[in-house]
Every structure is written in C-alpha cells, then in structure tokens.
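Data from input.csv: CSV, C-alpha atoms and all ligand atoms
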```csv
chain,number,residue,atom,x,y,z
A,1,MET,CA,31.3,9.2,6.2
A,2,HIS,CA,29.0,6.4,5.3
A,3,SER,CA,26.8,5.6,2.3
A,4,VAL,CA,23.1,5.0,2.5
A,5,PRO,CA,21.7,2.5,0.0
A,6,ILE,CA,19.0,4.1,-2.3
A,7,ALA,CA,15.7,2.3,-1.9
A,8,SER,CA,14.4,1.0,-5.3
A,9,VAL,CA,12.0,-1.4,-6.9
A,10,PRO,CA,12.6,-3.3,-10.2
A,11,VAL,CA,10.6,-2.3,-13.2
A,12,ARG,CA,9.2,-5.0,-15.6
A,13,GLY,CA,10.8,-4.7,-19.0
A,14,SER,CA,13.6,-2.3,-17.9
A,15,LEU,CA,17.1,-2.5,-16.6
A,16,ASP,CA,16.6,0.7,-14.6
A,17,ASP,CA,15.0,0.3,-11.2
A,18,PHE,CA,12.4,2.7,-9.8
A,19,THR,CA,14.0,4.9,-7.1
A,20,VAL,CA,11.7,5.3,-4.2
A,21,HIS,CA,11.1,8.9,-2.9
A,22,ARG,CA,8.3,8.3,-0.3
A,23,ILE,CA,5.8,5.7,0.5
A,24,TYR,CA,2.2,7.0,1.2
A,25,CYS,CA,-0.6,4.7,2.4
A,26,ILE,CA,-4.3,5.3,2.6
A,27,GLY,CA,-6.3,3.6,5.3
A,28,ARG,CA,-9.9,2.6,5.4
A,29,ASN,CA,-10.4,2.6,1.6
A,30,PHE,CA,-12.6,-0.6,1.4
A,31,ALA,CA,-16.0,-0.6,3.2
A,32,ASP,CA,-15.7,-4.3,4.1
A,33,HIS,CA,-12.3,-3.8,5.8
A,34,ILE,CA,-13.7,-0.8,7.7
A,35,ARG,CA,-16.4,-3.0,9.0
A,36,GLU,CA,-14.1,-5.9,10.0
A,37,MET,CA,-12.0,-3.4,12.0
A,38,GLY,CA,-15.1,-2.5,14.0
A,39,HIS,CA,-16.0,0.9,12.4
A,40,ALA,CA,-19.1,2.1,10.6
A,41,ALA,CA,-18.6,2.1,6.8
A,42,PRO,CA,-20.0,4.7,4.5
A,43,ALA,CA,-23.2,3.9,2.7
A,44,SER,CA,-21.5,4.5,-0.7
A,45,SER,CA,-18.3,5.9,-2.2
A,46,ALA,CA,-20.2,9.1,-3.1
A,47,PRO,CA,-18.3,12.2,-1.8
A,48,ALA,CA,-21.2,13.1,0.5
A,49,ASP,CA,-21.0,9.6,2.2
A,50,ARG,CA,-17.2,9.1,2.5
A,51,ALA,CA,-15.1,10.1,5.5
A,52,PRO,CA,-12.0,12.2,4.7
A,53,PRO,CA,-9.1,9.8,3.7
A,54,VAL,CA,-6.7,8.5,6.4
A,55,PHE,CA,-3.1,8.8,5.3
A,56,PHE,CA,0.1,7.5,6.8
A,57,MET,CA,3.6,6.8,5.6
A,58,LYS,CA,6.3,4.2,5.6
A,59,PRO,CA,10.0,4.9,5.2
A,60,ALA,CA,11.3,4.5,1.6
A,61,ASP,CA,13.7,1.7,2.7
A,62,ALA,CA,10.8,-0.4,4.0
A,63,VAL,CA,10.4,-1.9,0.5
A,64,VAL,CA,11.2,-5.6,0.2
A,65,ALA,CA,11.9,-7.3,-3.1
A,66,ASN,CA,9.9,-10.1,-4.6
A,67,ASP,CA,10.7,-13.6,-3.6
A,68,THR,CA,12.1,-12.6,-0.2
A,69,LEU,CA,11.7,-14.3,3.2
A,70,ILE,CA,11.2,-11.6,5.8
A,71,PRO,CA,12.3,-12.2,9.4
A,72,TYR,CA,9.4,-11.9,11.8
A,73,PRO,CA,9.6,-8.3,13.0
A,74,ARG,CA,10.5,-7.4,16.6
A,75,GLY,CA,8.1,-5.6,18.9
A,76,THR,CA,5.0,-7.4,17.9
A,77,HIS,CA,3.1,-10.7,18.5
A,78,ASP,CA,0.4,-9.9,15.8
A,79,LEU,CA,2.0,-9.2,12.4
A,80,HIS,CA,-0.9,-8.8,9.8
A,81,HIS,CA,-1.0,-8.8,6.1
A,82,GLU,CA,-2.9,-6.1,4.1
A,83,VAL,CA,-2.8,-6.7,0.3
A,84,GLU,CA,-2.9,-3.5,-1.7
A,85,LEU,CA,-2.7,-2.0,-5.2
A,86,VAL,CA,0.4,0.2,-5.4
A,87,VAL,CA,0.6,3.3,-7.6
A,88,ALA,CA,4.1,4.4,-8.7
A,89,LEU,CA,4.4,8.1,-9.7
A,90,GLY,CA,6.8,9.2,-12.5
A,91,THR,CA,6.2,12.9,-12.6
A,92,ASP,CA,6.9,15.8,-10.2
A,93,ARG,CA,4.0,18.1,-9.5
A,94,ASP,CA,3.9,21.0,-7.0
A,95,GLY,CA,0.6,22.0,-5.5
A,96,ILE,CA,-2.9,20.5,-6.0
A,97,VAL,CA,-3.4,17.9,-8.7
A,98,GLU,CA,-7.0,17.8,-10.1
A,99,THR,CA,-8.5,14.3,-10.5
A,100,ALA,CA,-8.8,14.8,-14.3
A,101,GLU,CA,-5.1,15.1,-14.6
A,102,ALA,CA,-3.9,12.8,-11.8
A,103,LEU,CA,-3.4,9.7,-13.9
A,104,ASP,CA,-0.9,11.7,-16.0
A,105,LEU,CA,1.5,11.4,-13.0
A,106,VAL,CA,1.3,7.6,-12.8
A,107,PHE,CA,4.4,5.7,-14.1
A,108,GLY,CA,3.0,2.3,-13.3
A,109,TYR,CA,1.4,-0.1,-10.9
A,110,SER,CA,2.3,-3.0,-8.6
A,111,VAL,CA,0.9,-5.1,-5.8
A,112,GLY,CA,2.3,-4.9,-2.3
A,113,LEU,CA,1.6,-5.8,1.3
A,114,ASP,CA,1.1,-3.1,3.9
A,115,LEU,CA,2.5,-5.2,6.8
A,116,THR,CA,1.1,-4.1,10.1
A,117,ARG,CA,2.0,-4.7,13.7
A,118,ARG,CA,-1.7,-4.9,14.6
A,119,ASP,CA,-1.2,-5.1,18.4
A,120,LEU,CA,0.8,-1.9,18.3
A,121,GLN,CA,-1.8,-0.3,16.1
A,122,ALA,CA,-4.6,-1.3,18.4
A,123,ASN,CA,-2.7,0.1,21.3
A,124,ALA,CA,-2.1,3.4,19.5
A,125,LYS,CA,-5.7,3.7,18.4
A,126,SER,CA,-7.0,3.1,22.0
A,127,LYS,CA,-4.8,5.9,23.3
A,128,GLY,CA,-5.2,8.3,20.4
A,129,LEU,CA,-1.5,8.0,19.6
A,130,PRO,CA,0.2,8.0,16.1
A,131,TRP,CA,0.4,4.8,14.0
A,132,ASP,CA,4.0,5.1,13.1
A,133,VAL,CA,5.4,2.1,15.0
A,134,ALA,CA,2.5,0.0,13.8
A,135,LYS,CA,3.0,0.8,10.1
A,136,GLY,CA,6.4,2.3,9.3
A,137,PHE,CA,8.8,-0.3,10.4
A,138,ASP,CA,11.7,-2.1,8.7
A,139,ARG,CA,10.7,-4.4,5.8
A,140,SER,CA,7.1,-3.5,6.2
A,141,ALA,CA,6.5,-2.9,2.4
A,142,PRO,CA,7.1,-6.0,0.2
A,143,ILE,CA,6.3,-5.1,-3.3
A,144,ALA,CA,6.3,-6.8,-6.7
A,145,PRO,CA,8.2,-5.3,-9.7
A,146,ILE,CA,6.5,-2.2,-11.0
A,147,VAL,CA,4.7,-2.6,-14.3
A,148,PRO,CA,4.7,0.6,-16.5
A,149,VAL,CA,1.3,1.9,-17.5
A,150,THR,CA,2.5,1.5,-21.1
A,151,LEU,CA,2.4,-2.3,-20.5
A,152,CYS,CA,-0.7,-2.7,-18.2
A,153,GLY,CA,-2.9,0.4,-18.7
A,154,HIS,CA,-4.9,1.6,-15.6
A,155,PRO,CA,-6.3,-1.5,-13.8
A,156,ASP,CA,-9.7,0.0,-12.8
A,157,GLY,CA,-11.7,-3.2,-12.3
A,158,ALA,CA,-9.0,-5.8,-11.8
A,159,ARG,CA,-9.2,-8.2,-8.8
A,160,LEU,CA,-6.9,-7.7,-5.9
A,161,SER,CA,-6.1,-10.9,-4.0
A,162,LEU,CA,-3.9,-12.6,-1.5
A,163,GLN,CA,-3.2,-16.3,-0.8
A,164,VAL,CA,-1.5,-17.4,2.3
A,165,ASN,CA,-0.2,-21.0,2.2
A,166,GLY,CA,-2.4,-21.7,-0.8
A,167,ASN,CA,-5.6,-20.4,0.8
A,168,THR,CA,-7.3,-17.2,-0.6
A,169,VAL,CA,-7.7,-14.9,2.4
A,170,GLN,CA,-8.3,-11.5,0.6
A,171,ASP,CA,-10.1,-11.0,-2.7
A,172,ALA,CA,-11.9,-7.9,-4.0
A,173,PRO,CA,-12.3,-5.9,-7.2
A,174,LEU,CA,-10.4,-2.6,-7.3
A,175,SER,CA,-13.7,-1.0,-8.1
A,176,ASP,CA,-14.6,-1.5,-4.4
A,177,MET,CA,-12.1,1.2,-3.4
A,178,LEU,CA,-13.9,4.2,-1.8
A,179,TYR,CA,-11.3,6.6,-3.2
A,180,SER,CA,-10.1,5.8,-6.7
A,181,VAL,CA,-6.5,6.4,-7.8
A,182,PRO,CA,-7.2,9.9,-9.2
A,183,GLU,CA,-9.2,10.8,-6.1
A,184,VAL,CA,-6.4,9.6,-3.7
A,185,LEU,CA,-3.7,11.5,-5.7
A,186,HIS,CA,-5.9,14.6,-5.6
A,187,GLU,CA,-6.4,14.3,-1.8
A,188,LEU,CA,-2.7,13.6,-1.2
A,189,SER,CA,-1.8,16.6,-3.2
A,190,LYS,CA,-3.7,18.8,-0.8
A,191,LEU,CA,-1.1,17.8,1.8
A,192,TYR,CA,2.1,17.1,-0.1
A,193,ASP,CA,3.9,18.0,-3.3
A,194,LEU,CA,3.8,14.7,-5.3
A,195,ARG,CA,7.1,13.5,-6.7
A,196,ALA,CA,8.5,11.0,-9.2
A,197,GLY,CA,9.5,8.1,-7.0
A,198,ASP,CA,6.4,8.3,-4.7
A,199,LEU,CA,4.6,5.0,-4.1
A,200,VAL,CA,1.0,5.0,-2.9
A,201,PHE,CA,-0.5,2.0,-1.2
A,202,MET,CA,-4.2,2.1,-2.0
A,203,GLY,CA,-5.7,0.4,1.0
A,204,THR,CA,-6.8,-3.2,1.7
A,205,PRO,CA,-10.1,-5.1,1.5
A,206,ALA,CA,-11.5,-7.4,4.2
A,207,GLY,CA,-9.7,-10.5,5.2
A,208,VAL,CA,-6.7,-9.1,7.0
A,209,GLY,CA,-5.1,-11.5,9.4
A,210,PRO,CA,-1.9,-12.8,10.9
A,211,LEU,CA,1.3,-13.9,9.2
A,212,LEU,CA,3.3,-16.5,11.1
A,213,PRO,CA,6.8,-17.8,10.7
A,214,GLY,CA,6.9,-20.2,7.8
A,215,ASP,CA,3.9,-18.7,6.0
A,216,ARG,CA,4.2,-18.2,2.3
A,217,TYR,CA,2.1,-15.7,0.4
A,218,VAL,CA,1.1,-14.8,-3.2
A,219,ALA,CA,-0.4,-11.4,-3.8
A,220,ALA,CA,-1.8,-10.3,-7.1
A,221,VAL,CA,-3.5,-7.6,-9.1
A,222,ASP,CA,-4.9,-9.8,-11.9
A,223,GLY,CA,-3.3,-9.1,-15.2
A,224,VAL,CA,-0.9,-6.6,-13.7
A,225,ALA,CA,1.5,-7.9,-11.0
A,226,GLU,CA,2.2,-10.8,-8.7
A,227,LEU,CA,4.2,-10.8,-5.5
A,228,ARG,CA,5.6,-13.9,-3.8
A,229,GLY,CA,7.3,-14.1,-0.5
A,230,GLY,CA,7.0,-15.3,3.1
A,231,ILE,CA,7.9,-15.0,6.7
A,232,ALA,CA,11.2,-16.7,7.6
B,1,MN,MN,-3.2,-0.7,4.6
```
Starting from the coordinates I provided, produce the structure as structure tokens.
Ligand code: MN
Amino acid sequence: MHSVPIASVPVRGSLDDFTVHRIYCIGRNFADHIREMGHAAPASSAPADRAPPVFFMKPADAVVANDTLIPYPRGTHDLHHEVELVVALGTDRDGIVETAEALDLVFGYSVGLDLTRRDLQANAKSKGLPWDVAKGFDRSAPIAPIVPVTLCGHPDGARLSLQVNGNTVQDAPLSDMLYSVPEVLHELSKLYDLRAGDLVFMGTPAGVGPLLPGDRYVAAVDGVAELRGGIA
C-alpha cells in the first residue's frame, strides 16, 4: 500500500490546516477579462445580461503554499497568471443553496493564482475540447493562507491585484465580478453538493499574461490576504 498526502492550506490564526476537498473555478467573471480574451462581454452584471457561468476544476493537490518557487510546468510555452479571490467553504450542504443563505457556508477567504497553460487552452478552445490540461495541472493553484470570516468579514469591495517583478499587472475591485460570491455558490450548487473543504476560485480581471522562469509575484486581496511566490 501507499499513502497519499492530504492537500491542505494553512489558516491564519490557527494551528489546524484547511483540508481541501475540491477546487472549483469560475471562468469569465470579469467583463474586462472577457474582452481581452476576444469575446463579447455582457452589458452589465444584471441576470438578463449575463451568460451562464463557466465552471471547471483543478485537482485538490494542485494547491501550492505561500512563498514557494514553482518549477515551470511541462507541456507549455505560455504559462499565464490569473489572480483570483478564493472562497473556502466550511459547511456541507446537499442540494441547491439559495443566495440568501450562501454566505453561511463560507469559512474564509484567500487570494490565489489560477495558473493556466494558455497555449493548451487556446488549442482546446479552437477544437471545442475540454480545458482540463490547460487548467488542472500539478502546482497550478498557489494560494495564500486562508483568513477566517471571523477575522476579515466578507470582502465585497476590496481590491484584487497582482504584481509581477514589482509591476502591477492586474488590479480591479471585487465589485466588478459579474457573479458575486453568493451567486457563484448558488450556481455551483445546481451542479454539485457543496462540501466543507471546497475552494472556489472566483475568476480574474484583465491583465492576464505570461509568467517566466525567475519571475516573482505578489498577489493580494487588500485587507484580507497576500500571496508571494515565483517561478523557479
Ligand atoms: Mn481563472
């Protein structure tokens, strides 16, 4: 027999780590990022204007701890950063979760990168194929320690930002998200039973771009969490 390490993320103010169950991601949740990827963005975040959410997953053991240098991944020549708010769930719930109760499931928040093999994603998109190899690869989810809601509240209007080598490349308020945290949890719950240990990457604003060997990054949700790391 062999033992498999349990994927986990440190929790600020606690000796107990957050055990990861699943990693869900929403795509196309910021209008400016939809436009930079060459698609038409909705006129507003009103339900009548929005497209249905795009969901995909990463394996739980894709998480990477703060202050880690990540080896440049195989299979790509175009690794991209996507800075994202991360929601960590602390409660199991079968069936559909209404938006009015969705925040009750939230244990805490963090900031992470949805690392993307953009060349493989472009190839998959052009052929109508799944995104798995572009998104769900080893060490594709660096994430800062999780901050419990009891410490940070719900960061509705905070700024989400990423610096690469000291230059700010992504910067947007969380209020720009087309689907809010309660709305994303509601939509996810139409498809999956939500579980304590689930992480939800909430989508990225404009400014995605390459990460190269030697690059160093600092990702932040202001007043909540900060992630440091780099490419080896
Ligand atoms: Mn993303």
Wanna dump the chain A-ligand MN 1 (chain B) contacts at 6 Å for me, each residue with its shortest atom pair and the distance in Å to one decimal, counting all atoms listed in the file, ordered by chain and number, as JSON lines?
```
{"residue": "A:Gly27", "atom": "CA", "partner": "B:MN1", "partner_atom": "MN", "distance": 5.3}
{"residue": "A:Glu82", "atom": "CA", "partner": "B:MN1", "partner_atom": "MN", "distance": 5.4}
{"residue": "A:Asp114", "atom": "CA", "partner": "B:MN1", "partner_atom": "MN", "distance": 5.0}
{"residue": "A:Gly203", "atom": "CA", "partner": "B:MN1", "partner_atom": "MN", "distance": 4.5}
{"residue": "A:Thr204", "atom": "CA", "partner": "B:MN1", "partner_atom": "MN", "distance": 5.3}
```
Could you name the residues that touch range 164-175 of chain A at 12 Å or less, counting all atoms listed in the file, but leaving out those on the same chain fewer than 2 positions away, as a ChimeraX atom specification? /A:29-33,45,80-86,111,113,154-162,177-181,202-222,227-231
For a test of reading the model, state the distance in Å between CA of Val9 in chain A and CA of Ala141 in chain A, rounded to one decimal. 10.9 Å
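Distances here use only C-alpha atoms; by that measure, the residue among A:Ala41, A:Asn123, A:Glu36, A:Pro148 closest to Leu105 in chain A is A:Pro148.
Proximity ranking of A:Leu79, A:Val64, A:Leu120, A:Ile34 relative to Ala51 in chain A places A:Ile34 first, based on all atoms listed in the file.
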From the options A:Pro10, A:Pro145, A:Pro130, A:Gly136, which residue's atoms come nearest to Pro59 in chain A, counting only C-alpha atoms?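 Of all the options, A:Gly136 lies closest to Pro59 in chain A.
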Can you list, as a list in words, every protein, DNA or RNA residue that comes within 12 Å of Leu151 in chain A when you count all atoms listed in the file, leaving out same-chain residues fewer than 6 positions away? Val11, Arg12, Gly13, Ser14, Phe107, Gly108, Tyr109, Ser110, Gly223, Val224 and Ala225 of chain A
Tell me, in Å to one decimal, how far CA of Val54 in chain A is from CA of Leu103 in chain A. 20.6 Å
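The space separating CA of Lys127 in chain A from CA of Met37 in chain A comes to 16.3 Å.
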